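**Q** Pasting upload04.txt here (compact mmCIF, C-alpha atoms):
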```txt
# COMPACT_ATOMS: atom_id res chain seq x y z
CA MET A 27 -26.23 -5.19 -10.88
CA ASP A 28 -29.48 -6.36 -12.49
CA ALA A 29 -28.35 -5.07 -15.87
CA ILE A 30 -25.20 -7.17 -15.56
CA LYS A 31 -27.29 -10.20 -14.65
CA VAL A 32 -29.49 -9.71 -17.71
CA PHE A 33 -26.40 -9.29 -19.87
CA ALA A 34 -24.74 -12.43 -18.47
CA ASP A 35 -27.94 -14.44 -18.95
CA TRP A 36 -28.24 -13.20 -22.52
CA LEU A 37 -24.62 -14.03 -23.25
CA VAL A 38 -24.75 -17.53 -21.83
CA TYR A 39 -28.27 -18.73 -22.62
CA PHE A 40 -28.88 -16.88 -25.87
CA VAL A 41 -25.56 -16.08 -27.55
CA ALA A 42 -23.73 -19.23 -26.41
CA GLY A 43 -26.99 -21.16 -26.60
CA MET A 44 -26.51 -23.09 -23.40
CA GLY A 45 -29.68 -24.65 -22.04
CA SER A 46 -31.06 -22.82 -19.02
CA GLY A 47 -31.45 -25.03 -15.97
CA SER A 48 -28.55 -27.39 -16.71
CA ALA A 49 -25.83 -27.38 -14.07
CA SER A 50 -23.08 -26.57 -16.53
CA ALA A 51 -24.97 -23.61 -18.04
CA ASP A 52 -25.66 -22.24 -14.58
CA VAL A 53 -22.00 -22.56 -13.64
CA VAL A 54 -20.98 -20.60 -16.75
CA ASP A 55 -23.70 -18.01 -16.16
CA PHE A 56 -22.53 -17.57 -12.60
CA PHE A 57 -18.95 -17.19 -13.75
CA VAL A 58 -19.71 -14.60 -16.44
CA TYR A 59 -21.91 -12.56 -14.14
CA ASP A 60 -19.40 -12.50 -11.27
CA VAL A 61 -16.42 -11.69 -13.45
CA ILE A 62 -18.12 -8.73 -15.16
CA LYS A 63 -19.46 -7.39 -11.88
CA ILE A 64 -16.15 -7.70 -10.04
CA PHE A 65 -14.10 -6.01 -12.74
CA LEU A 66 -16.50 -3.07 -12.93
CA LEU A 67 -16.37 -2.62 -9.16
CA LEU A 68 -12.59 -2.97 -9.13
CA ALA A 69 -12.16 -0.29 -11.76
CA VAL A 70 -14.33 2.19 -9.87
CA MET A 71 -12.89 1.49 -6.42
CA ILE A 72 -9.24 1.40 -7.43
CA PHE A 73 -9.55 4.57 -9.44
CA ALA A 74 -11.16 6.44 -6.55
CA VAL A 75 -8.69 5.26 -3.93
CA SER A 76 -5.68 5.79 -6.21
CA TYR A 77 -6.79 9.37 -6.68
CA ILE A 78 -6.90 9.86 -2.91
CA ARG A 79 -3.53 8.16 -2.71
CA THR A 80 -1.88 10.90 -4.75
CA TYR A 81 -2.33 12.99 -1.59
CA ILE A 82 -1.18 10.41 0.96
CA THR A 83 2.15 8.57 0.71
CA PRO A 84 3.82 6.52 3.47
CA GLU A 85 6.20 9.48 3.87
CA LYS A 86 3.26 11.80 4.54
CA ALA A 87 1.59 9.25 6.82
CA ARG A 88 4.71 9.37 8.94
CA LEU A 89 4.47 13.15 9.20
CA TYR A 90 0.80 13.01 10.21
CA LEU A 91 1.48 10.50 12.94
CA GLY A 92 4.50 12.19 14.48
CA LYS A 93 5.62 11.06 17.90
CA ARG A 94 2.24 11.06 19.54
CA THR A 95 0.78 8.24 21.56
CA GLY A 96 -2.80 7.49 22.48
CA ILE A 97 -5.46 5.20 21.10
CA GLN A 98 -6.66 7.85 18.63
CA TYR A 99 -3.26 7.79 16.92
CA HIS A 100 -3.47 4.01 16.65
CA LEU A 101 -6.81 4.50 14.94
CA LEU A 102 -5.33 7.17 12.66
CA ALA A 103 -2.39 4.90 11.80
CA SER A 104 -4.77 2.09 11.02
CA LEU A 105 -6.92 4.31 8.76
CA LEU A 106 -3.83 5.65 7.00
CA GLY A 107 -2.89 2.01 6.44
CA VAL A 108 -6.15 1.48 4.53
CA VAL A 109 -5.37 4.12 1.90
CA THR A 110 -1.60 3.55 1.84
CA PRO A 111 -0.85 0.07 0.61
CA PHE A 112 2.73 -1.11 0.31
CA CYS A 113 4.23 -4.26 -1.08
CA SER A 114 5.78 -6.60 1.45
CA CYS A 115 9.25 -5.60 0.25
CA SER A 116 8.57 -2.08 1.53
CA SER A 117 7.67 -3.22 5.04
CA VAL A 118 11.23 -2.95 6.35
CA PRO A 119 11.92 0.58 5.09
CA ILE A 120 8.50 1.67 6.31
CA PHE A 121 9.06 0.11 9.71
CA MET A 122 12.54 1.64 10.04
CA GLY A 123 11.41 4.97 8.68
CA PHE A 124 8.49 5.21 11.10
CA VAL A 125 10.16 3.94 14.27
CA GLY A 126 13.46 5.69 13.55
CA ALA A 127 11.67 9.01 13.10
CA GLY A 128 10.01 8.61 16.48
CA VAL A 129 6.61 7.19 15.57
CA PRO A 130 5.85 4.96 18.58
CA LEU A 131 6.35 1.21 18.02
CA GLY A 132 2.70 0.38 18.74
CA VAL A 133 1.40 3.07 16.37
CA THR A 134 3.73 1.75 13.66
CA PHE A 135 2.28 -1.71 14.17
CA SER A 136 -1.26 -0.39 13.88
CA PHE A 137 -0.27 0.87 10.43
CA LEU A 138 1.52 -2.35 9.48
CA ILE A 139 -1.31 -4.63 10.61
CA THR A 140 -4.21 -2.89 8.88
CA SER A 141 -2.50 -1.90 5.65
CA PRO A 142 -2.26 -5.34 4.02
CA MET A 143 -5.61 -6.45 5.45
CA VAL A 144 -7.85 -3.70 4.15
CA ASN A 145 -7.35 -2.33 0.66
CA GLU A 146 -9.60 -1.07 -2.09
CA ALA A 147 -9.27 -4.13 -4.32
CA ALA A 148 -10.33 -6.49 -1.53
CA ILE A 149 -13.19 -4.13 -0.68
CA ALA A 150 -14.42 -4.14 -4.30
CA VAL A 151 -14.34 -7.93 -4.59
CA LEU A 152 -15.96 -8.44 -1.18
CA PHE A 153 -18.68 -5.96 -2.02
CA GLY A 154 -19.38 -7.60 -5.34
CA LEU A 155 -19.60 -11.10 -3.92
CA LEU A 156 -20.73 -10.80 -0.33
CA GLY A 157 -22.67 -7.53 -0.22
CA TRP A 158 -22.13 -4.36 1.74
CA GLN A 159 -22.78 -5.73 5.24
CA ALA A 160 -20.02 -8.33 5.10
CA THR A 161 -17.70 -5.76 3.47
CA LEU A 162 -18.36 -3.23 6.20
CA ILE A 163 -17.75 -5.89 8.84
CA TYR A 164 -14.49 -6.85 7.17
CA VAL A 165 -13.23 -3.27 6.96
CA ILE A 166 -14.24 -2.36 10.51
CA SER A 167 -12.71 -5.57 11.92
CA GLY A 168 -9.47 -4.92 10.03
CA VAL A 169 -9.26 -1.41 11.45
CA ILE A 170 -10.13 -2.60 14.98
CA VAL A 171 -7.60 -5.46 14.92
CA GLY A 172 -4.92 -3.00 13.75
CA THR A 173 -5.84 -0.30 16.25
CA VAL A 174 -6.15 -2.60 19.26
CA GLY A 175 -3.32 -4.94 18.24
CA GLY A 176 -0.91 -2.01 17.86
CA TYR A 177 -2.17 -0.50 21.12
CA ILE A 178 -1.42 -3.73 23.00
CA ILE A 179 2.05 -4.00 21.43
CA GLY A 180 2.67 -0.40 22.51
CA LYS A 181 1.54 -1.12 26.07
CA LEU A 182 3.79 -4.19 26.31
CA LYS A 183 6.87 -1.95 25.89
CA LEU A 184 8.72 -4.20 23.49
CA GLU A 185 11.21 -1.68 22.14
CA HIS A 186 14.06 -3.90 23.38
CA LEU A 187 12.96 -6.52 20.84
CA VAL A 188 13.64 -4.15 17.96
CA GLU A 189 17.14 -4.18 16.46
CA GLU A 190 19.11 -1.24 17.83
CA PHE A 191 20.13 0.28 14.53
CA VAL A 192 16.48 1.12 13.86
CA PHE A 193 16.61 3.83 16.51
CA GLU A 194 19.65 5.57 15.08
CA PRO A 195 18.98 9.20 14.24
CA GLN A 196 17.86 9.88 10.70
CA ALA A 197 18.09 12.66 8.22
CA PRO A 198 14.88 14.57 7.58
CA LEU A 199 12.62 13.54 4.74
CA LEU A 200 13.66 14.17 1.22
CA SER A 201 11.51 16.98 -0.09
CA GLU A 202 8.24 15.85 -1.58
CA GLN A 203 7.70 15.82 -5.28
CA ALA A 204 6.32 19.05 -6.62
CA GLU A 205 2.58 19.50 -6.14
CA LEU A 206 0.79 17.44 -8.77
CA SER A 207 -1.68 18.88 -11.21
CA ARG A 208 -5.16 17.41 -11.36
CA LYS A 209 -4.38 15.87 -14.73
CA LYS A 210 -1.32 14.13 -13.27
CA ARG A 211 -3.44 12.77 -10.42
CA PHE A 212 -6.00 11.41 -12.89
CA ASP A 213 -3.20 9.89 -14.96
CA PHE A 214 -1.73 8.27 -11.90
CA ALA A 215 -5.11 6.89 -10.82
CA GLY A 216 -5.72 5.54 -14.33
CA ASP A 217 -2.33 3.85 -14.49
CA GLU A 218 -2.72 2.43 -11.03
CA THR A 219 -6.15 1.03 -11.93
CA LYS A 220 -4.78 -0.69 -15.02
CA ASP A 221 -1.74 -2.02 -13.13
CA ILE A 222 -3.66 -3.44 -10.20
CA ILE A 223 -6.40 -4.97 -12.32
CA ARG A 224 -3.85 -6.59 -14.60
CA ARG A 225 -2.05 -8.01 -11.59
CA VAL A 226 -5.09 -9.42 -9.75
CA ALA A 227 -7.10 -10.48 -12.81
CA PRO A 228 -5.69 -14.03 -13.12
CA TYR A 229 -6.37 -14.73 -9.43
CA ILE A 230 -9.90 -13.44 -9.69
CA VAL A 231 -10.71 -15.40 -12.84
CA VAL A 232 -9.37 -18.65 -11.36
CA GLY A 233 -11.02 -17.96 -8.00
CA VAL A 234 -14.40 -17.16 -9.54
CA ALA A 235 -14.18 -20.26 -11.74
CA ALA A 236 -13.41 -22.46 -8.73
CA GLY A 237 -16.20 -20.78 -6.77
CA ALA A 238 -18.67 -21.25 -9.63
CA LEU A 239 -17.81 -24.95 -9.91
CA PHE A 240 -18.27 -25.36 -6.18
CA HIS A 241 -21.60 -23.55 -6.43
CA GLY A 242 -22.78 -25.79 -9.20
CA TYR A 243 -21.58 -29.17 -8.04
CA ALA A 244 -20.94 -29.31 -4.28
CA PRO A 245 -23.84 -30.65 -2.23
CA GLU A 246 -26.01 -28.12 -0.41
CA GLY A 247 -25.05 -27.50 3.19
CA ILE A 248 -21.79 -29.43 2.98
CA MET A 249 -19.86 -26.70 4.82
CA ALA A 250 -22.57 -26.31 7.46
CA SER A 251 -22.20 -29.96 8.46
CA TYR A 252 -18.41 -29.76 8.88
CA ALA A 253 -17.66 -26.17 9.84
CA GLY A 254 -20.99 -24.78 11.04
CA LYS A 255 -21.50 -22.46 13.97
CA ASP A 256 -21.82 -25.39 16.39
CA ASN A 257 -18.22 -26.40 15.64
CA ILE A 258 -16.34 -24.10 18.02
CA PHE A 259 -12.99 -25.05 16.51
CA ALA A 260 -13.93 -23.93 13.02
CA VAL A 261 -12.80 -20.30 13.45
CA PRO A 262 -9.35 -21.03 14.95
CA ILE A 263 -8.78 -23.79 12.37
CA ALA A 264 -9.71 -21.41 9.55
CA VAL A 265 -7.29 -18.80 10.92
CA GLY A 266 -4.64 -21.49 11.47
CA ILE A 267 -4.86 -22.39 7.80
CA GLY A 268 -4.93 -18.77 6.70
CA VAL A 269 -1.96 -17.35 8.64
CA PRO A 270 0.88 -19.22 6.91
CA LEU A 271 -0.89 -19.20 3.58
CA TYR A 272 0.73 -16.77 1.19
CA SER A 273 -1.79 -16.19 -1.48
CA ASN A 274 -3.53 -13.46 -3.33
CA VAL A 275 -6.71 -12.90 -1.37
CA MET A 276 -8.54 -11.78 -4.51
CA GLY A 277 -8.69 -15.39 -5.66
CA LEU A 278 -9.83 -16.62 -2.28
CA ILE A 279 -12.77 -14.27 -1.83
CA PRO A 280 -14.88 -15.96 -4.55
CA ILE A 281 -14.04 -19.35 -3.07
CA ALA A 282 -15.02 -18.11 0.40
CA GLU A 283 -18.28 -16.85 -1.07
CA SER A 284 -19.12 -20.27 -2.49
CA LEU A 285 -18.25 -21.87 0.87
CA ILE A 286 -20.63 -19.44 2.60
CA ASP A 287 -23.30 -20.40 0.10
CA LYS A 288 -22.85 -24.03 1.16
CA GLY A 289 -23.26 -23.21 4.82
CA LEU A 290 -19.92 -21.84 6.08
CA PRO A 291 -20.73 -19.11 8.63
CA VAL A 292 -19.83 -15.60 7.38
CA GLY A 293 -17.70 -14.80 10.46
CA THR A 294 -15.59 -17.90 9.90
CA ALA A 295 -15.10 -17.06 6.23
CA LEU A 296 -14.14 -13.45 6.95
CA ALA A 297 -11.72 -14.54 9.68
CA PHE A 298 -10.07 -16.87 7.18
CA LEU A 299 -9.72 -14.10 4.57
CA MET A 300 -8.31 -11.66 7.13
CA SER A 301 -5.75 -14.15 8.36
CA VAL A 302 -4.51 -14.76 4.81
CA THR A 303 -3.95 -11.06 4.19
CA ALA A 304 -2.74 -9.95 7.62
CA LEU A 305 0.13 -12.36 8.08
CA SER A 306 2.37 -14.32 5.80
CA PHE A 307 5.61 -16.23 6.15
CA PRO A 308 7.54 -14.18 3.60
CA GLU A 309 6.63 -10.96 5.40
CA MET A 310 7.72 -12.37 8.76
CA ILE A 311 11.05 -13.45 7.29
CA ILE A 312 11.57 -9.97 5.87
CA LEU A 313 10.72 -8.38 9.22
CA LYS A 314 13.37 -10.51 10.92
CA LYS A 315 15.92 -7.98 9.66
CA VAL A 316 14.55 -5.41 12.10
CA LEU A 317 12.64 -7.37 14.75
CA LYS A 318 13.72 -10.13 17.11
CA THR A 319 11.89 -13.40 16.57
CA LYS A 320 10.07 -13.01 19.86
CA LEU A 321 8.46 -9.75 18.76
CA ILE A 322 7.42 -11.28 15.44
CA ALA A 323 5.79 -14.13 17.37
CA ILE A 324 4.00 -11.70 19.68
CA PHE A 325 2.82 -9.65 16.70
CA ALA A 326 1.56 -12.75 14.87
CA GLY A 327 -0.08 -14.07 18.03
CA ILE A 328 -1.92 -10.85 18.81
CA VAL A 329 -3.16 -10.49 15.24
CA ALA A 330 -4.27 -14.14 15.02
CA VAL A 331 -6.12 -13.97 18.34
CA GLY A 332 -7.74 -10.67 17.31
CA ILE A 333 -8.97 -12.21 14.08
CA VAL A 334 -10.32 -15.32 15.85
CA ILE A 335 -12.24 -13.08 18.26
CA THR A 336 -13.79 -11.05 15.43
CA GLY A 337 -14.74 -14.32 13.71
CA TYR A 338 -16.61 -15.53 16.81
CA VAL A 339 -18.27 -12.17 17.38
CA PHE A 340 -19.62 -12.04 13.84
CA ASN A 341 -20.81 -15.62 13.93
CA MET A 342 -22.72 -14.70 17.07
CA ILE A 343 -24.39 -11.53 15.80
CA LEU A 344 -25.06 -12.56 12.18
CA MET B 3 22.66 12.04 -15.82
CA LYS B 4 22.66 9.66 -12.91
CA ILE B 5 19.68 7.38 -12.41
CA GLU B 6 19.35 5.67 -9.07
CA ILE B 7 16.89 2.89 -8.36
CA LEU B 8 16.29 2.65 -4.64
CA GLY B 9 14.96 -0.67 -3.46
CA THR B 10 15.28 -3.53 -1.07
CA GLY B 11 16.44 -6.12 -3.57
CA CYS B 12 12.91 -7.44 -3.93
CA ALA B 13 11.47 -8.74 -7.19
CA LYS B 14 9.73 -5.46 -8.05
CA CYS B 15 12.92 -3.47 -7.51
CA GLU B 16 14.96 -5.83 -9.70
CA LYS B 17 12.37 -5.56 -12.42
CA MET B 18 12.42 -1.78 -12.18
CA LYS B 19 16.18 -1.83 -12.67
CA LYS B 20 15.90 -3.98 -15.78
CA ILE B 21 13.22 -1.69 -17.19
CA VAL B 22 15.37 1.40 -16.58
CA ILE B 23 18.29 -0.23 -18.38
CA MET B 24 16.06 -1.12 -21.32
CA ALA B 25 14.57 2.37 -21.44
CA VAL B 26 17.98 4.04 -21.34
CA ASP B 27 19.16 1.77 -24.17
CA ALA B 28 16.06 2.39 -26.24
CA LEU B 29 16.38 6.17 -25.89
CA ASN B 30 20.12 5.97 -26.38
CA LEU B 31 20.79 8.11 -23.32
CA ASP B 32 24.13 8.67 -21.71
CA ALA B 33 23.26 7.72 -18.15
CA GLU B 34 24.86 6.11 -15.17
CA ILE B 35 22.49 3.59 -13.61
CA VAL B 36 22.94 2.68 -9.99
CA ALA B 37 20.83 0.28 -7.96
CA VAL B 38 20.81 1.13 -4.25
CA ASN B 39 19.63 -1.87 -2.28
CA ASP B 40 20.72 -0.85 1.19
CA VAL B 41 17.77 -0.13 3.47
CA GLY B 42 19.94 2.05 5.70
CA GLU B 43 20.73 4.24 2.71
CA LEU B 44 17.02 4.49 1.83
CA ILE B 45 16.18 5.59 5.34
CA LYS B 46 19.01 8.11 5.34
CA ARG B 47 17.44 9.70 2.30
CA GLY B 48 13.94 9.65 3.74
CA ILE B 49 12.57 7.13 1.26
CA LEU B 50 10.05 4.67 2.65
CA SER B 51 8.46 3.15 -0.41
CA THR B 52 10.23 1.06 -3.00
CA PRO B 53 11.13 0.98 -5.82
CA THR B 54 11.87 4.68 -6.04
CA LEU B 55 13.55 6.39 -8.97
CA ILE B 56 15.94 9.26 -8.35
CA ILE B 57 17.44 11.18 -11.24
CA ASP B 58 20.32 13.52 -10.46
CA GLY B 59 19.25 13.62 -6.84
CA LYS B 60 15.58 14.37 -7.51
CA VAL B 61 12.77 11.91 -6.74
CA GLU B 62 11.01 11.27 -10.03
CA SER B 63 8.89 8.27 -9.11
CA ARG B 64 8.13 6.87 -5.72
CA GLY B 65 7.07 3.41 -4.65
CA ARG B 66 5.95 2.15 -8.03
CA LEU B 67 7.03 -0.34 -10.61
CA LEU B 68 6.76 1.64 -13.83
CA SER B 69 6.09 0.08 -17.19
CA ILE B 70 8.72 0.41 -19.90
CA GLY B 71 6.51 2.93 -21.72
CA LYS B 72 6.08 5.09 -18.63
CA THR B 73 9.78 4.91 -17.86
CA LYS B 74 10.72 6.06 -21.35
CA LYS B 75 8.22 8.90 -21.11
CA LEU B 76 9.57 9.95 -17.73
CA LEU B 77 13.17 9.87 -18.94
CA SER B 78 12.55 11.77 -22.14
CA ALA B 79 10.52 14.37 -20.24
CA TYR B 80 13.42 14.77 -17.84
CA VAL B 81 15.96 15.12 -20.61
CA GLU B 82 13.82 17.72 -22.32
CA LYS B 83 13.16 19.65 -19.13
CA GLU B 84 16.81 19.78 -18.19
CA GLY B 85 17.90 20.52 -21.72
CA LEU B 86 20.28 17.59 -21.75
CA GLN B 87 21.70 16.04 -24.90
```
Could you express the structure from this file as structure tokens?
**A**
Amino acid sequence: MDAIKVFADWLVYFVAGMGSGSASADVVDFFVYDVIKIFLLLAVMIFAVSYIRTYITPEKARLYLGKRTGIQYHLLASLLGVVTPFCSCSSVPIFMGFVGAGVPLGVTFSFLITSPMVNEAAIAVLFGLLGWQATLIYVISGVIVGTVGGYIIGKLKLEHLVEEFVFEPQAPLLSEQAELSRKKRFDFAGDETKDIIRRVAPYIVVGVAAGALFHGYAPEGIMASYAGKDNIFAVPIAVGIGVPLYSNVMGLIPIAESLIDKGLPVGTALAFLMSVTALSFPEMIILKKVLKTKLIAIFAGIVAVGIVITGYVFNMIL
Amino acid sequence: MKIEILGTGCAKCEKMKKIVIMAVDALNLDAEIVAVNDVGELIKRGILSTPTLIIDGKVESRGRLLSIGKTKKLLSAYVEKEGLQ
């Protein structure tokens, strides 16, 4: 990271000739440094996880999970969710495919809750901006909220709130693609890395720019005075803002980082980021095809409460 | 050959369909292109991730939006492998 810092300093202060110490030069320096660092981390992380992903598809995840119940299978579902991302338009087929094949409802939810929350791109950006402790906390909380949230939904026995056609018997899985060669796996990981970076790049650039401006110009401690640890409503308000928000979290992480720098507690910031990724209006509307509104509300409620609790816990221990 | 694009009608799936049409045109292939946007049908076939590309009943790409370049490559590889045209 130090080499990147030296490079960014050289680029801004020497090549571009901006005067060191001026607010505008520091904002630009900050921006250049963060952008380079984040894109390097993204490339490494996405490539590694995409390679792993050539072994694990949602179809395989379903086979691993089977019809078993028990908290360990909620944990497994949640972990499979980390390495198996899906776009929100796949949530209905995944839900139907899992539940219809006999994967218990609660275990399916463990998968569905964690998957959007924890993914390699978010991990890379969090690590680059907030360091490994906050990243670890984020990942572990995401897995715990998914595991426990799904477990509770399972215990509540809500199968009657799922549309009946979901339980209709299904044909077995279509045979998997032929075993991939190592070269194919590398190709896939390379393509995936390019695709994902191209897709998230605009959000990251805008987010880092906004964060850098906030760093440079917002008064010190401004967040601490409004949303500090002594404001007990800060965490639920942050989650309340985050839940309906449908946004690319990549752009919000740099903004969250600058808010932390100005005194926003880390737990509150992480709770906000989790709530943005875990739940969104479009996803809930899509899920209405297979779930009754009551179950969607219960699912959203459990996830939101889980995130608020993790926010408080981390504000307490950090 | 018959190319099926299995999806949910979402933006990515629609884009995949357009790309397949463009690729088939560019390669001048004689292909029937069908978009399957019925989730029930997906489930019946054991497909969970969208968009998925099925050529003559075989899954050729699963859960990804392919670029036009990749799609062309995939199609020409298929044609060559099967000795079509």
**Q** Counting all atoms listed in the file, which residues of chain B sit at most 7 Å from some atom of chain A, and what is each one's closest atom pair with its distance in Å to one decimal, listed by chain and rising residue number, as JSON lines?
**A**
```
{"residue": "B:Thr10", "atom": "CA", "partner": "A:Cys115", "partner_atom": "CA", "distance": 6.5}
{"residue": "B:Cys12", "atom": "CA", "partner": "A:Cys115", "partner_atom": "CA", "distance": 5.9}
{"residue": "B:Val41", "atom": "CA", "partner": "A:Pro119", "partner_atom": "CA", "distance": 6.1}
{"residue": "B:Ile45", "atom": "CA", "partner": "A:Gly123", "partner_atom": "CA", "distance": 5.9}
{"residue": "B:Lys46", "atom": "CA", "partner": "A:Ala197", "partner_atom": "CA", "distance": 5.5}
{"residue": "B:Arg47", "atom": "CA", "partner": "A:Leu200", "partner_atom": "CA", "distance": 6.0}
{"residue": "B:Gly48", "atom": "CA", "partner": "A:Leu199", "partner_atom": "CA", "distance": 4.2}
{"residue": "B:Leu50", "atom": "CA", "partner": "A:Ile120", "partner_atom": "CA", "distance": 5.0}
{"residue": "B:Ser51", "atom": "CA", "partner": "A:Ser116", "partner_atom": "CA", "distance": 5.6}
{"residue": "B:Thr52", "atom": "CA", "partner": "A:Ser116", "partner_atom": "CA", "distance": 5.8}
{"residue": "B:Val61", "atom": "CA", "partner": "A:Gln203", "partner_atom": "CA", "distance": 6.6}
```
**Q** What lies within 8 Å of A:Ser284 using all atoms listed in the file, ignoring chain neighbours under 5 positions off, as a PyMOL selection string?
**A** chain A and resi 237-238+240-241
**Q** May I have the residues at most 10 Å from (-4.9, 8.5, -12.0) in the file's coordinates, counting only C-alpha atoms, as an NGL selection string?
**A** :A and (72-80 or 208-220)
**Q** To one decimal place, how far is atom CA of A:Leu184 from atom CA of A:Phe325 in Å?
**A** 10.5 Å
**Q** Point out the residue among A:Leu285, A:Val61, A:Pro142, A:Leu152 with the least atom-to-atom distance to A:Ser301, counting all atoms listed in the file.
**A**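 Counting all atoms listed in the file, the residue closest to A:Ser301 is A:Pro142.
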**Q** In Å to one decimal, how far is atom CA of B:Gly59 from atom CA of B:Ala28?
**A**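 Going from atom CA of B:Ala28 over to atom CA of B:Gly59, I get 22.6 Å.
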**Q** Calculated over all atoms listed in the file, which of the candidates A:Gly157, A:Pro270, A:Gly176, A:Gly247 has the smallest distance to A:Leu305?
**A** A:Pro270
**Q** Between atom CA of A:Ala260 and atom CA of A:Ile281, measure the distance and give it in Å to one decimal.
**A**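 Computing the Euclidean distance for atom CA of A:Ala260 and atom CA of A:Ile281 yields 16.7 Å.
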**Q** Using all atoms listed in the file for the distances, tell me which of A:Ala49, A:Ile343, A:Ile328, A:Val58 is nearest to A:Ile139.
**A** A:Ile328
**Q** So that I can see what lies close to B:Leu77, please list as a ChimeraX atom specification the residues with an atom at most 8 Å from it, counting all atoms listed in the file and leaving out residues fewer than 4 positions away in the same chain.
**A** /B:26,73,81
**Q** Using all atoms listed in the file, determine which residues lie at most 12 Å from A:Ala323, disregarding the query and same-chain residues fewer than 5 positions distant; provide the list as a ChimeraX atom specification.
**A** /A:179,187,305,307,310-311,313-314,317-318,328-331
**Q** List the neighbours of A:Leu102 out to 9 Å using all atoms listed in the file; skip same-chain residues closer than 3 positions along the sequence, and give me the result as a ChimeraX atom specification.
**A** /A:90-91,97-99,105-107,133,136-137,173
**Q** Which one of B:Gly65, B:Pro53, B:Gly42, B:Gly85 sits closest to A:Glu194 if you count all atoms listed in the file?
**A**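 Answer, going by the shortest atom-to-atom distance: B:Gly42.
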**Q** Using only C-alpha atoms, which of the listed residues (B:Glu84, B:Glu62, B:Glu16, B:Asp27) sits closest to B:Asn39?
**A**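 Of B:Glu84, B:Glu62, B:Glu16, B:Asp27, the one nearest B:Asn39 is B:Glu16, counting only C-alpha atoms.
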**Q** Using all atoms listed in the file, pick whichever of B:Met18, B:Ile35, B:Ala13, B:Ile5 has the shortest atom-to-atom distance to B:Leu67.
**A** B:Met18
**Q** Taking (18.0, 3.3, -6.7) in the file's coordinates, which residues come within 9 Å, counting all atoms listed in the file, written as a PyMOL selection string?
**A** chain B and resi 5-9+15+19+35-39+44+52-56
